[in-house]
Structure formats: C-alpha cells, structure tokens
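Chemist: Below you'll find my_file.txt; it's compact mmCIF, C-alpha atoms and all ligand atoms.
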```txt
# COMPACT_ATOMS: atom_id res chain seq x y z
CA MET X 1074 35.81 -40.79 1.84
CA ARG X 1075 38.54 -40.70 -0.78
CA PHE X 1076 38.74 -37.31 -2.44
CA HIS X 1077 40.69 -35.07 -4.75
CA TYR X 1078 40.52 -31.39 -5.69
CA GLU X 1079 39.28 -29.81 -8.91
CA CYS X 1080 39.87 -26.17 -9.86
CA THR X 1081 36.64 -24.20 -10.40
CA ASP X 1082 38.20 -22.22 -13.21
CA CYS X 1083 40.55 -24.49 -15.21
CA SER X 1084 39.16 -27.92 -14.05
CA GLN X 1085 42.70 -29.16 -13.34
CA THR X 1086 42.57 -31.94 -10.71
CA TYR X 1087 44.93 -32.45 -7.77
CA HIS X 1088 45.24 -35.81 -6.00
CA THR X 1089 47.02 -35.24 -2.72
CA ASP X 1090 46.64 -35.83 1.00
CA GLU X 1091 48.62 -32.63 1.67
CA VAL X 1092 46.76 -29.51 2.83
CA ILE X 1093 46.39 -27.36 -0.29
CA TYR X 1094 44.56 -24.11 -0.86
CA LEU X 1095 44.14 -22.46 -4.30
CA CYS X 1096 44.86 -23.96 -7.74
CA PRO X 1097 48.55 -23.03 -8.19
CA SER X 1098 48.24 -22.10 -11.87
CA CYS X 1099 45.02 -20.03 -11.66
CA ALA X 1100 46.13 -18.29 -8.45
CA LYS X 1101 49.06 -16.80 -10.44
CA GLU X 1102 46.48 -14.82 -12.42
CA ASN X 1103 45.19 -13.05 -9.29
CA THR X 1104 47.15 -9.89 -9.95
CA ASP X 1105 44.29 -7.62 -11.07
CA SER X 1106 42.74 -6.28 -7.87
CA SER X 1107 39.63 -5.05 -9.72
CA HIS X 1108 38.60 -8.62 -10.61
CA MET X 1109 37.30 -11.55 -8.56
CA LYS X 1110 40.01 -14.00 -7.55
CA LYS X 1111 40.46 -17.28 -9.44
CA GLY X 1112 41.54 -20.76 -8.44
CA ASN X 1113 39.12 -21.94 -5.73
CA LEU X 1114 39.24 -25.72 -5.42
CA ILE X 1115 36.22 -28.03 -5.26
CA VAL X 1116 36.45 -31.25 -3.22
CA ARG X 1117 35.42 -34.24 -5.38
CA TYR X 1118 34.84 -37.84 -4.25
CA GLU X 1119 35.33 -41.17 -5.95
CA GLU X 1120 32.11 -42.18 -7.73
CA GLU X 1121 32.32 -45.64 -6.15
CA ASP X 1122 32.44 -44.24 -2.57
CA MET X 1123 29.52 -41.90 -3.28
CA ARG X 1124 27.38 -44.67 -4.72
CA LYS X 1125 27.82 -46.74 -1.55
CA LEU X 1126 25.99 -44.01 0.35
CA SER X 1127 22.79 -44.51 -1.66
CA SER X 1128 21.99 -47.71 0.24
CA LYS X 1129 23.15 -46.55 3.69
CA GLU X 1130 20.31 -46.51 6.22
CA ASP X 1131 21.37 -44.31 9.14
CA LEU X 1132 22.77 -41.55 6.97
CA SER X 1133 24.45 -38.48 8.49
CA TYR X 1134 26.30 -35.58 6.92
CA PHE X 1135 29.55 -36.92 8.35
CA ASP X 1136 29.29 -39.71 5.75
CA PHE X 1137 29.86 -37.03 3.09
CA PHE X 1138 32.97 -35.55 4.68
CA PRO X 1139 36.58 -36.03 3.52
CA TYR X 1140 37.83 -36.29 7.12
CA GLU X 1141 36.53 -37.83 10.32
CA VAL X 1142 35.34 -35.31 12.88
CA PRO X 1143 36.35 -36.64 16.31
CA ASN X 1144 34.18 -36.19 19.43
CA HIS X 1145 31.58 -34.24 17.56
CA ALA X 1146 29.33 -33.96 20.60
CA ALA X 1147 31.95 -31.54 22.02
CA PHE X 1148 30.96 -29.01 19.38
CA PRO X 1149 27.46 -30.02 18.34
CA VAL X 1150 26.86 -28.64 14.88
CA GLY X 1151 23.21 -29.30 14.18
CA PRO X 1152 20.72 -30.53 13.51
CA THR X 1153 19.40 -26.99 13.73
CA PRO X 1154 15.66 -26.36 14.20
CA ILE X 1155 13.31 -25.84 11.28
CA ALA X 1156 10.66 -23.22 12.02
CA GLU X 1157 7.37 -23.12 10.13
CA PRO X 1158 6.33 -19.46 10.44
CA PHE X 1159 2.65 -19.92 9.65
CA ARG X 1160 1.69 -16.26 10.11
CA LEU X 1161 4.25 -15.18 7.54
CA ALA X 1162 3.38 -18.07 5.23
CA ALA X 1163 -0.25 -16.87 5.22
CA ARG X 1164 0.82 -13.24 4.65
CA TYR X 1165 2.81 -14.11 1.52
CA GLY X 1166 0.43 -16.84 0.34
CA PHE X 1167 2.59 -19.99 0.60
CA SER X 1168 1.52 -23.29 2.11
CA ASN X 1169 4.92 -24.91 2.54
CA LEU X 1170 7.37 -22.36 3.88
CA ALA X 1171 10.14 -23.06 6.40
CA CYS X 1172 13.12 -21.29 7.93
CA LYS X 1173 16.18 -23.27 8.99
CA LEU X 1174 17.65 -21.68 12.08
CA ASP X 1175 21.42 -21.93 11.86
CA SER X 1176 21.41 -18.98 14.22
CA ALA X 1177 21.01 -21.72 16.88
CA LEU X 1178 24.48 -23.21 16.28
CA PRO X 1179 27.02 -23.07 19.17
CA SER X 1180 28.68 -19.76 18.22
CA GLY X 1181 25.46 -18.30 16.83
CA SER X 1182 26.20 -18.57 13.12
CA PHE X 1183 26.36 -20.89 10.15
CA LYS X 1184 30.17 -20.58 10.17
CA ASP X 1185 30.35 -23.35 12.76
CA ARG X 1186 29.74 -25.81 9.92
CA ALA X 1187 33.02 -24.92 8.19
CA SER X 1188 34.92 -24.72 11.47
CA GLN X 1189 33.84 -28.23 12.40
CA LEU X 1190 35.38 -29.74 9.26
CA ILE X 1191 38.54 -27.63 9.66
CA ILE X 1192 39.00 -29.24 13.10
CA GLY X 1193 38.71 -32.63 11.34
CA GLN X 1194 41.29 -31.52 8.76
CA ALA X 1195 43.70 -30.32 11.48
CA GLN X 1196 43.35 -33.50 13.53
CA HIS X 1197 43.79 -35.71 10.45
CA HIS X 1198 47.12 -33.99 9.83
CA GLY X 1199 48.12 -33.95 13.51
CA ILE X 1200 48.16 -30.12 13.53
CA ASP X 1201 47.19 -28.24 16.67
CA SER X 1202 46.95 -24.64 15.50
CA ILE X 1203 44.68 -22.85 13.04
CA ALA X 1204 44.98 -19.27 11.78
CA LEU X 1205 42.47 -17.16 9.91
CA ALA X 1206 41.38 -13.66 9.03
CA SER X 1207 37.82 -12.62 9.76
CA THR X 1208 35.73 -9.62 10.64
CA GLY X 1209 33.30 -11.52 12.81
CA ASN X 1210 31.36 -14.74 12.52
CA ALA X 1211 34.03 -17.01 10.99
CA GLY X 1212 36.49 -15.94 13.67
CA ALA X 1213 33.97 -16.51 16.46
CA ALA X 1214 33.03 -19.91 15.03
CA MET X 1215 36.64 -21.09 14.72
CA SER X 1216 37.48 -19.77 18.19
CA CYS X 1217 34.45 -21.55 19.65
CA ALA X 1218 35.47 -24.85 18.00
CA GLY X 1219 39.07 -24.29 19.11
CA ALA X 1220 37.91 -23.92 22.72
CA ALA X 1221 35.84 -27.11 22.47
CA TYR X 1222 38.76 -29.16 21.07
CA GLY X 1223 41.74 -27.47 22.73
CA VAL X 1224 43.16 -26.24 19.41
CA LYS X 1225 45.09 -22.94 19.28
CA ILE X 1226 43.33 -20.29 17.18
CA VAL X 1227 45.14 -17.20 15.85
CA LEU X 1228 42.72 -14.65 14.48
CA PHE X 1229 43.81 -11.65 12.37
CA VAL X 1230 41.19 -8.89 12.22
CA PRO X 1231 41.12 -5.42 10.71
CA GLU X 1232 41.23 -3.02 13.68
CA THR X 1233 37.89 -1.55 12.53
CA ALA X 1234 35.99 -4.89 12.83
CA PRO X 1235 32.79 -4.76 14.99
CA ALA X 1236 33.90 -5.00 18.61
CA ASN X 1237 30.94 -7.09 19.80
CA LYS X 1238 31.75 -9.92 17.38
CA LEU X 1239 35.47 -9.86 18.22
CA MET X 1240 34.79 -9.95 21.94
CA GLN X 1241 33.22 -13.38 21.44
CA SER X 1242 36.52 -14.70 20.01
CA VAL X 1243 38.51 -13.13 22.85
CA LEU X 1244 36.17 -14.84 25.34
CA TYR X 1245 36.67 -18.23 23.65
CA GLY X 1246 40.41 -17.78 24.26
CA ALA X 1247 41.64 -17.12 20.70
CA ASP X 1248 44.82 -15.12 20.12
CA VAL X 1249 43.17 -12.09 18.47
CA VAL X 1250 45.53 -9.89 16.43
CA PRO X 1251 44.01 -6.54 15.33
CA VAL X 1252 45.75 -5.25 12.20
CA LYS X 1253 46.13 -1.60 11.19
CA GLY X 1254 44.73 -2.31 7.75
CA SER X 1255 41.85 -3.81 5.79
CA TYR X 1256 40.37 -7.33 5.77
CA ASP X 1257 42.58 -8.10 2.74
CA ASP X 1258 45.64 -7.05 4.75
CA ALA X 1259 44.55 -9.29 7.66
CA PHE X 1260 44.02 -12.11 5.11
CA SER X 1261 47.59 -11.74 3.77
CA LEU X 1262 49.08 -11.59 7.27
CA SER X 1263 47.24 -14.77 8.31
CA ILE X 1264 48.88 -16.52 5.34
CA ALA X 1265 52.26 -15.06 6.25
CA TYR X 1266 51.67 -16.43 9.77
CA THR X 1267 50.89 -20.00 8.65
CA ASP X 1268 53.78 -19.91 6.12
CA GLU X 1269 56.20 -19.04 8.91
CA PHE X 1270 54.76 -20.67 12.02
CA GLY X 1271 52.80 -23.57 10.50
CA GLY X 1272 49.24 -24.63 11.22
CA ILE X 1273 46.15 -24.83 9.03
CA ASN X 1274 44.92 -21.65 7.36
CA ARG X 1275 41.11 -21.46 7.54
CA ASN X 1276 40.50 -18.35 5.47
CA THR X 1277 37.05 -18.45 3.91
CA ALA X 1278 37.13 -19.98 0.41
CA TYR X 1279 40.96 -20.04 0.44
CA ASN X 1280 40.83 -23.33 2.33
CA PRO X 1281 38.55 -25.59 0.18
CA MET X 1282 37.30 -27.30 3.35
CA THR X 1283 35.35 -24.16 4.28
CA VAL X 1284 32.90 -24.64 1.39
CA GLU X 1285 32.95 -28.40 1.97
CA GLY X 1286 32.04 -28.06 5.67
CA LYS X 1287 29.16 -25.73 4.87
CA LYS X 1288 27.49 -28.31 2.68
CA SER X 1289 26.43 -30.16 5.84
CA ILE X 1290 23.32 -27.99 6.02
CA SER X 1291 21.86 -29.40 2.81
CA ILE X 1292 22.44 -33.00 3.82
CA GLU X 1293 21.08 -32.32 7.31
CA LEU X 1294 17.97 -30.70 5.80
CA PHE X 1295 17.46 -33.66 3.45
CA ILE X 1296 17.59 -36.06 6.42
CA GLN X 1297 15.32 -33.88 8.60
CA LYS X 1298 12.72 -33.79 5.86
CA GLY X 1299 12.57 -37.59 5.63
CA ARG X 1300 14.98 -37.77 2.69
CA LYS X 1301 13.35 -35.05 0.66
CA ILE X 1302 14.77 -31.84 -0.71
CA PRO X 1303 12.96 -28.49 -0.95
CA ASP X 1304 12.09 -26.92 -4.30
CA VAL X 1305 13.67 -23.55 -3.59
CA VAL X 1306 16.25 -22.46 -0.99
CA TYR X 1307 17.15 -18.83 -0.14
CA VAL X 1308 20.72 -18.00 0.95
CA SER X 1309 22.27 -14.67 2.04
CA THR X 1310 25.50 -14.12 0.14
CA GLY X 1311 28.69 -12.12 0.62
CA ASP X 1312 31.84 -14.06 -0.34
CA GLY X 1313 29.72 -16.82 -1.88
CA CYS X 1314 31.18 -19.53 0.34
CA ILE X 1315 27.96 -20.44 2.18
CA TYR X 1316 26.05 -20.29 -1.10
CA ALA X 1317 28.50 -22.67 -2.81
CA GLY X 1318 28.47 -25.00 0.20
CA VAL X 1319 24.68 -25.25 0.13
CA VAL X 1320 24.63 -26.11 -3.59
CA LYS X 1321 27.55 -28.55 -3.19
CA GLY X 1322 25.63 -30.45 -0.49
CA PHE X 1323 22.68 -30.95 -2.82
CA MET X 1324 25.01 -31.91 -5.66
CA ASP X 1325 26.65 -34.55 -3.48
CA LEU X 1326 23.24 -36.02 -2.61
CA TYR X 1327 22.48 -36.14 -6.33
CA GLN X 1328 25.83 -37.73 -7.14
CA ALA X 1329 25.23 -40.37 -4.46
CA GLY X 1330 21.93 -41.22 -6.16
CA LEU X 1331 19.90 -40.11 -3.14
CA THR X 1332 17.98 -37.43 -5.05
CA ASP X 1333 16.90 -37.07 -8.66
CA ARG X 1334 17.39 -33.29 -8.86
CA ILE X 1335 18.83 -30.35 -6.98
CA PRO X 1336 16.75 -27.43 -5.68
CA ARG X 1337 16.95 -23.93 -7.08
CA VAL X 1338 19.27 -22.22 -4.64
CA VAL X 1339 18.66 -18.46 -4.79
CA CYS X 1340 21.64 -16.20 -4.09
CA VAL X 1341 20.44 -13.09 -2.22
CA GLN X 1342 22.67 -10.03 -1.99
CA SER X 1343 22.35 -6.48 -0.76
CA ASP X 1344 22.33 -4.10 -3.73
CA GLN X 1345 25.11 -2.30 -1.86
CA SER X 1346 27.30 -5.41 -1.92
CA ASN X 1347 26.33 -7.16 -5.13
CA ALA X 1348 29.49 -8.36 -6.87
CA ILE X 1349 28.19 -11.91 -7.36
CA ALA X 1350 24.70 -10.88 -8.50
CA HIS X 1351 26.27 -8.39 -10.90
CA ALA X 1352 28.63 -11.03 -12.30
CA TRP X 1353 25.76 -13.47 -12.75
CA GLU X 1354 23.69 -10.84 -14.57
CA THR X 1355 26.44 -9.40 -16.78
CA GLY X 1356 29.17 -12.05 -17.03
CA GLU X 1357 31.70 -9.46 -15.75
CA PHE X 1358 33.64 -10.70 -12.73
CA THR X 1359 34.50 -7.27 -11.37
CA ASN X 1360 34.72 -6.24 -7.72
CA VAL X 1361 32.38 -3.56 -6.32
CA GLU X 1362 32.46 -0.90 -3.64
CA ALA X 1363 30.51 -2.53 -0.79
CA THR X 1364 28.60 -0.34 1.67
CA THR X 1365 25.76 -2.45 3.12
CA ARG X 1366 24.80 -2.11 6.79
CA ALA X 1367 24.61 -5.93 6.93
CA ASP X 1368 28.29 -6.17 7.87
CA SER X 1369 28.71 -9.96 7.49
CA ILE X 1370 27.83 -9.77 3.80
CA ASN X 1371 29.63 -6.51 3.08
CA VAL X 1372 32.13 -7.81 0.53
CA SER X 1373 33.86 -5.89 -2.26
CA SER X 1374 35.87 -8.76 -3.66
CA PRO X 1375 34.08 -12.08 -3.07
CA ALA X 1376 36.60 -14.79 -2.18
CA ASN X 1377 34.42 -17.49 -3.75
CA GLY X 1378 32.62 -15.39 -6.34
CA ARG X 1379 33.39 -17.37 -9.48
CA MET X 1380 32.32 -20.68 -7.95
CA ALA X 1381 29.12 -19.06 -6.66
CA VAL X 1382 28.19 -17.75 -10.13
CA ARG X 1383 28.87 -21.17 -11.63
CA TYR X 1384 26.63 -22.82 -9.02
CA ILE X 1385 23.78 -20.30 -9.54
CA ASN X 1386 23.69 -21.49 -13.13
CA GLU X 1387 24.13 -25.17 -12.29
CA SER X 1388 21.24 -25.07 -9.81
CA GLU X 1389 19.13 -23.29 -12.47
CA ALA X 1390 18.49 -20.52 -9.98
CA TRP X 1391 19.01 -16.78 -9.96
CA ALA X 1392 20.44 -13.90 -7.92
CA THR X 1393 18.05 -11.53 -6.15
CA GLN X 1394 19.17 -8.11 -4.95
CA VAL X 1395 17.51 -6.28 -2.05
CA THR X 1396 17.99 -2.85 -0.51
CA ASP X 1397 19.28 -2.25 3.01
CA GLU X 1398 15.80 -0.94 3.91
CA GLU X 1399 14.32 -4.27 2.84
CA ILE X 1400 16.94 -6.14 4.90
CA LEU X 1401 16.23 -4.15 8.06
CA ALA X 1402 12.46 -4.48 7.53
CA ALA X 1403 12.89 -8.24 7.04
CA GLN X 1404 14.83 -8.47 10.32
CA LEU X 1405 11.98 -6.78 12.21
CA GLU X 1406 9.29 -8.81 10.44
CA LEU X 1407 10.96 -12.12 11.37
CA ALA X 1408 11.28 -10.97 14.99
CA LYS X 1409 7.78 -9.54 15.42
CA ASP X 1410 5.74 -11.98 13.37
CA ALA X 1411 7.67 -15.22 13.73
CA GLY X 1412 9.71 -14.87 16.93
CA ILE X 1413 12.93 -15.36 14.97
CA PHE X 1414 15.73 -12.94 15.85
CA VAL X 1415 18.56 -12.82 13.32
CA GLU X 1416 21.32 -10.42 12.34
CA PRO X 1417 20.85 -8.24 9.22
CA ALA X 1418 23.11 -10.45 7.06
CA ALA X 1419 20.81 -13.40 7.78
CA ALA X 1420 17.63 -11.38 7.29
CA CYS X 1421 18.85 -10.64 3.75
CA ALA X 1422 17.72 -14.16 2.72
CA TRP X 1423 14.21 -13.47 4.06
CA ALA X 1424 14.17 -10.10 2.27
CA GLY X 1425 15.03 -11.95 -0.95
CA PHE X 1426 12.14 -14.36 -0.47
CA VAL X 1427 9.75 -11.46 0.23
CA ARG X 1428 10.93 -9.61 -2.86
CA ASP X 1429 10.54 -12.75 -5.04
CA SER X 1430 7.23 -13.91 -3.55
CA GLU X 1431 4.99 -12.91 -6.46
CA LYS X 1432 7.43 -14.21 -9.04
CA LEU X 1433 7.68 -17.51 -7.12
CA LYS X 1434 3.93 -18.04 -7.36
CA GLU X 1435 4.22 -17.89 -11.14
CA THR X 1436 7.39 -19.98 -11.48
CA VAL X 1437 7.11 -22.69 -8.81
CA GLY X 1438 3.58 -22.19 -7.42
CA SER X 1439 2.26 -21.28 -3.98
CA ASP X 1440 2.49 -24.87 -2.73
CA ALA X 1441 6.21 -25.17 -3.55
CA ASP X 1442 8.46 -26.35 -0.75
CA ILE X 1443 10.52 -23.27 0.16
CA CYS X 1444 13.27 -23.05 2.76
CA VAL X 1445 14.92 -19.81 3.85
CA LEU X 1446 18.28 -20.33 5.56
CA LEU X 1447 18.82 -18.01 8.51
CA THR X 1448 22.53 -17.87 9.12
CA GLY X 1449 23.24 -15.78 12.24
CA THR X 1450 21.61 -14.74 15.51
CA GLY X 1451 20.42 -11.17 16.08
CA PHE X 1452 22.31 -10.83 19.37
CA LYS X 1453 25.53 -10.54 17.35
CA ASP X 1454 24.76 -6.97 16.30
CA MET X 1455 22.51 -5.02 18.67
CA ALA X 1456 24.06 -1.74 17.46
CA VAL X 1457 21.94 -2.00 14.32
CA PHE X 1458 18.95 -0.78 16.38
CA ASP X 1459 20.66 2.40 17.61
CA GLY X 1460 18.52 5.38 16.70
CA ARG X 1461 15.77 3.12 15.25
CA ILE X 1462 14.30 1.32 18.22
CA SER X 1463 14.43 2.43 21.85
CA LEU X 1464 13.30 0.99 25.16
CA PRO X 1465 9.99 2.39 26.51
CA GLU X 1466 10.15 5.03 29.25
CA PRO X 1467 9.68 3.62 32.81
CA ILE X 1468 6.40 4.29 34.62
CA GLU X 1469 5.97 5.35 38.26
CA ASN X 1470 5.69 2.50 40.75
CA SER X 1471 1.90 2.89 41.25
CA LYS X 1472 -1.38 1.31 40.16
CA ASP X 1473 -2.46 4.70 38.83
CA ALA X 1474 0.50 4.73 36.50
CA VAL X 1475 -0.45 1.25 35.20
CA ARG X 1476 -4.04 2.45 34.69
CA GLU X 1477 -2.84 5.51 32.86
CA ARG X 1478 -0.50 3.49 30.67
CA PHE X 1479 -3.13 0.98 29.59
CA GLN X 1480 -6.37 2.94 29.67
CA LYS X 1481 -8.31 3.00 26.45
CA LYS X 1482 -7.67 6.21 24.58
C1 LIG E 1 25.38 -14.50 9.24
C2 LIG E 1 25.98 -14.61 7.88
N1 LIG E 1 25.17 -14.81 6.84
C3 LIG E 1 25.64 -14.90 5.58
C4 LIG E 1 27.00 -14.77 5.33
C5 LIG E 1 27.48 -14.86 3.91
O1 LIG E 1 28.37 -15.92 3.69
P1 LIG E 1 29.42 -15.84 2.52
O2 LIG E 1 30.36 -14.71 2.85
O3 LIG E 1 30.08 -17.16 2.50
O4 LIG E 1 28.65 -15.54 1.28
C6 LIG E 1 27.88 -14.58 6.39
C7 LIG E 1 29.33 -14.45 6.17
O5 LIG E 1 30.07 -14.03 7.02
C8 LIG E 1 27.36 -14.50 7.70
O6 LIG E 1 28.17 -14.31 8.76
```
As structure tokens - that is how I would like this structure written.
Ligand SMILES: Cc1ncc(COP(=O)(O)O)c(C=O)c1O

Modeler:
Amino acid sequence: MRFHYECTDCSQTYHTDEVIYLCPSCAKENTDSSHMKKGNLIVRYEEEDMRKLSSKEDLSYFDFFPYEVPNHAAFPVGPTPIAEPFRLAARYGFSNLACKLDSALPSGSFKDRASQLIIGQAQHHGIDSIALASTGNAGAAMSCAGAAYGVKIVLFVPETAPANKLMQSVLYGADVVPVKGSYDDAFSLSIAYTDEFGGINRNTAYNPMTVEGKKSISIELFIQKGRKIPDVVYVSTGDGCIYAGVVKGFMDLYQAGLTDRIPRVVCVQSDQSNAIAHAWETGEFTNVEATTRADSINVSSPANGRMAVRYINESEAWATQVTDEEILAAQLELAKDAGIFVEPAAACAWAGFVRDSEKLKETVGSDADICVLLTGTGFKDMAVFDGRISLPEPIENSKDAVRERFQKK
C-alpha cells in the first residue's frame, strides 16, 4: 500500500520511499536525558487504498503492510492460537475471556511480528544486513528471521543482558556484539554501525516499521474472530512499541471501514517500570528508574512512550500498574490453572486483567469480550524460579517408596 510518515509529536508528514527513522525536527529536541524521546513516526496510508480493503474477501494482515513480505511461510508469523482458559474465566467471573498466545511464534515472542516486516523493508530496498540493539527478545526475533531469510544480523547488546536470551541469537547465527555499557550505549553503537557500514537499523520504535509490524496481531485477531473485535485488550508494556502497534492495527481496521469502533486497549506496566503509566496519569513525560524483575519490560526511558500515551487516550483506555509480586503470581496462575507458560513480562498483562477484574465488571460487564495478549514464552527465563520453586527430591527405586510417597496422611 502507498504510505507516508507522520510525526507523533509535531504531525509533520514525510512522503518518501527512503528508509527514515525519527522526525528530523523533533529528534533535535532529544537532548534532555530525563525526558521521554520525541519524534517517533507513524506510518499512514492513502485513504483510497484503505477503503479498497473494506470489500476484500480473503483478508490477511499482509494487506495492511507497506511492503510485501516474500516467502512468508519461511518464517511463519501467526496465526497464533487463542486459548479460552475456562477455569480462570470462572474464577474471575467472566464469560468471554481469551488469551492470545504469541508465545507460540517462531522465536518465542511477539517481536517476530516486527522482525517480519523489517525483512520486507530490507528486501524492498535490496539491503541484506540489519543491525539492532536489544537485551533479549527483539534480538532473538530478528536473528531468527535473519536465519530464515539468509539476511545478516548484527546485534549490539549490553554485556549484562540475560545470557539465556542472547544464546538464542548466537544459535541463529547472528553477529552478537556485547558492549561494555548500557542498553542506550548499545543503541547508539548500532546506529553508528548502520551509519558507517550501511544496512537497515531495526531498533525498537526508532524504525517506524517496528510498531507497524506489530499491528499484525490486531488484524489477525479480527480475522480469527470472524471479523469481530474484542471489547477490551490487555497488553504488557515497556517501551510502548507493542502497545502502540496493537492500537494502530485496530485503528487501521477502523480507517478501512471494517469496524465501527476500536477496543479499549489497556496498557499494563510494572509499578517498578512505570514511565508510560506515570505520564498518562500526570501528563509529565519523565523517565523513571526501572527495577522490575520482568526484564523485557524493564525500561527507564520508553523509546515509544509519547505515542503510547497518545494511543491510551485515543483508545479511551487506561494504564494499570501491578507489583512484581502480582506479576510472578500471575505467571504461576497461568501455568497451573490454564497450562499457559509465559515469561514474567508477558504475565504482566494477565496481572493487569486480574487487578482490574472488579472494575471491569462495573465498566464493561462480565460478558464483555476480553482478550489478554501473552507476548513471550516462559522458557526464555527459567532463572526467575531460582529460590522460589525447586524440583521434588527423588524417591528410592522401590514399591515401598511409592507407597510411602502417596499414602494418605
Ligand atoms: C515478552 C515481552 N512482552 C512485552 C514487551 C513490551 O513491549 P514494549 O517494550 O514494546 O512495550 C516485551 C518487550 O521486549 C517483551 O519482550
């Protein structure tokens, strides 16, 4: 589809087929490191192209993309399963509750959605290398896609990033470059790399196609539900890029005339990493000191914070904050009572739903159609159970030992 860019902050538009990143004029204002960065670009389509989609029969999310994605069966991004956890639905008193399992994507996280479109962007421009900074899932997702398409991936990571997530990228064959510095330092070096050696830069939110790729979940969900949208969607939020992508997908469906409203998309954050929730509540776009155990959403300076706050308001939703204890309890509840194993950052969305459950009954009713997005598999971070959950002691190899173990006390 034909597209152009619009700045989230100053609304300036840019019509170009070149790869561009931030709004050049707003990005100049990003000198105050205590405030959220400005200048993220939104991808906008021609009204005429969008309207054509309203009468299309075999709709797919690729119809809503700015670039073709070649050979997409090589890196199959969705449709991901929708679980209906009836035991949990009964516990919280809802009749129409679902969880969308993006933990089932090829690299185990939602980030595959952005990486898929970045491959399309690279191939459109005839570019065969992509660089990024990441502490985990985005790097693994891009490396996985790179392996599937034969595209070179250069991944800058702070040396302190969780080893188990980085190992995945090493296994996929990415050129992993640990940096003696922070994520922000790795971010700057990845830009220095693409400036000097070329290639696409896929940094989250910096490249507008990361938000745009993530919108595929909303369109996929709409199609899976027989062209219906839920009433309320819960999304775990760190940088605000997934959150913005989810809202953008629903907005595109609305713009195409395929829906008559957009759902309330609830932004869920840890109260130990709450820059976006705080900005939404107070109107102050300041960074925070982030200390949550849910490492994928541990963000001091959200790269897409301003757009996320704007979209919370435009979807007439709200931000819900939860504690780390609630996140870890939510992770165990999903595993034990629904058979869904996700990493803490993903469980944050479930914790937000649990926290809001009474309020939801008053605002949208217990028969509202609610979807909780679960963004990453639990196998990514087994260290979170250290000291909390241990394997049972072995028994002797004898029938007596079995009897002893299971006899009624
Ligand atoms: C599993 C998981 N869930 C949620 C998020 C939050 O996404 P965002 O940083 O775009 O808000 C991330 C980001 O890395 C993630 O990996």

Chemist: Show me, as a PyMOL selection string, the residues that have an atom within 7 Å of segment 1420-1432 of chain X when counting all atoms listed in the file, minus same-chain residues fewer than 3 positions from it.

Modeler: chain X and resi 1165+1307-1309+1341-1342+1393-1395+1399-1400+1403-1404+1415-1417+1435-1436+1445-1447

Chemist: Kindly indicate which residue among X:Val1361, X:Val1372, X:Ala1247, X:Leu1228 lies nearest to Ile1264 of chain X, using all atoms listed in the file for the distances.

Modeler: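 When distances to Ile1264 of chain X are compared using all atoms listed in the file, the smallest one comes from X:Leu1228.
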
Chemist: List all protein, DNA and RNA residues that have any atom at most 7 Å from ligand LIG 1 (chain E), counting all atoms listed in the file, and write the list as number ranges by chain.

Modeler: X: 1182-1184, 1210-1211, 1309-1316, 1369-1370, 1416, 1418-1419, 1448-1449

Chemist: Closest to Ala1265 of chain X among X:Ala1206, X:Val1092, X:Val1142, X:Cys1217, using only C-alpha atoms?

Modeler: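 Under the stated criterion, the closest residue is X:Ala1206.
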
Chemist: In the coordinates of the file, take the point (31.5, -39.1, -8.4) and a cut-off of 10 Å; then, counting all atoms listed in the file, name each qualifying protein, DNA or RNA residue as a list in words.

Modeler: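 Collected hits near the coordinates: Phe1076, Arg1117, Tyr1118, Glu1119, Glu1120, Glu1121, Asp1122, Met1123, Arg1124, Asp1325, Tyr1327, Gln1328 and Ala1329 of chain X.
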
Chemist: Near Phe1137 of chain X, within 9 Å and counting only C-alpha atoms, which residues show up once chain neighbours fewer than 3 positions away are dropped, as a list in words?

Modeler: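 My reading of the contact set: Met1074, Tyr1118, Met1123, Leu1126, Ser1133, Tyr1134, Tyr1140, Ser1289, Ile1292, Gly1322, Asp1325 and Leu1326 of chain X.
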
Chemist: Let's have the selection written as a compact mmCIF listing (two decimals), in the coordinates of the input, with C-alpha atoms.

Modeler:
```txt
# COMPACT_ATOMS: atom_id res chain seq x y z
CA MET X 1074 35.81 -40.79 1.84
CA TYR X 1118 34.84 -37.84 -4.25
CA MET X 1123 29.52 -41.90 -3.28
CA LEU X 1126 25.99 -44.01 0.35
CA SER X 1133 24.45 -38.48 8.49
CA TYR X 1134 26.30 -35.58 6.92
CA TYR X 1140 37.83 -36.29 7.12
CA SER X 1289 26.43 -30.16 5.84
CA ILE X 1292 22.44 -33.00 3.82
CA GLY X 1322 25.63 -30.45 -0.49
CA ASP X 1325 26.65 -34.55 -3.48
CA LEU X 1326 23.24 -36.02 -2.61
```

Chemist: For a test of reading the model, state the distance in Å between atom CA of Val1230 of chain X and atom CA of Asp1344 of chain X, rounded to one decimal.

Modeler: 25.2 Å

Chemist: For Ile1302 of chain X, which residue out of X:Glu1269, X:Glu1398, X:Glu1130, X:Asp1442 is the nearest one, using all atoms listed in the file?

Modeler: X:Asp1442

Chemist: Using only C-alpha atoms for the distances, tell me which of X:Gly1193, X:Gly1330, X:Gly1451, X:Pro1158 is nearest to Ser1176 of chain X.

Modeler: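 Going through X:Gly1193, X:Gly1330, X:Gly1451, X:Pro1158 one by one, the smallest distance to Ser1176 of chain X is for X:Gly1451.
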
Chemist: Neighbours of Met1455 of chain X within 12 Å (all atoms listed in the file; same-chain residues fewer than 4 positions away dropped), as a PDB file with C-alpha atoms, keeping the file's coordinate frame?

Modeler:
```
ATOM      1  CA  PRO X1235      32.790  -4.760  14.990  1.00  0.00           C
ATOM      2  CA  ALA X1236      33.900  -5.000  18.610  1.00  0.00           C
ATOM      3  CA  ASN X1237      30.940  -7.090  19.800  1.00  0.00           C
ATOM      4  CA  LYS X1238      31.750  -9.920  17.380  1.00  0.00           C
ATOM      5  CA  ALA X1367      24.610  -5.930   6.930  1.00  0.00           C
ATOM      6  CA  GLN X1404      14.830  -8.470  10.320  1.00  0.00           C
ATOM      7  CA  PHE X1414      15.730 -12.940  15.850  1.00  0.00           C
ATOM      8  CA  VAL X1415      18.560 -12.820  13.320  1.00  0.00           C
ATOM      9  CA  GLU X1416      21.320 -10.420  12.340  1.00  0.00           C
ATOM     10  CA  PRO X1417      20.850  -8.240   9.220  1.00  0.00           C
ATOM     11  CA  THR X1450      21.610 -14.740  15.510  1.00  0.00           C
ATOM     12  CA  GLY X1451      20.420 -11.170  16.080  1.00  0.00           C
ATOM     13  CA  ASP X1459      20.660   2.400  17.610  1.00  0.00           C
ATOM     14  CA  GLY X1460      18.520   5.380  16.700  1.00  0.00           C
ATOM     15  CA  ARG X1461      15.770   3.120  15.250  1.00  0.00           C
ATOM     16  CA  ILE X1462      14.300   1.320  18.220  1.00  0.00           C
ATOM     17  CA  SER X1463      14.430   2.430  21.850  1.00  0.00           C
TER      18      SER X1463
END
```

Chemist: Env of Phe1138 of chain X: 8 Å cut, atoms = only C-alpha atoms, seq-sep filter 6 positions within chain, self excluded. Answer as a list in words.

Modeler: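 So, after excluding close chain neighbours, the residues are Met1074, Leu1190, Glu1285 and Gly1286 of chain X.
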
Chemist: Considering all atoms listed in the file, state which residue in the set X:Ala1392, X:Val1437, X:Ile1115, X:Val1319 is at the smallest distance from His1351 of chain X.

Modeler: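 Closest candidate: X:Ala1392.
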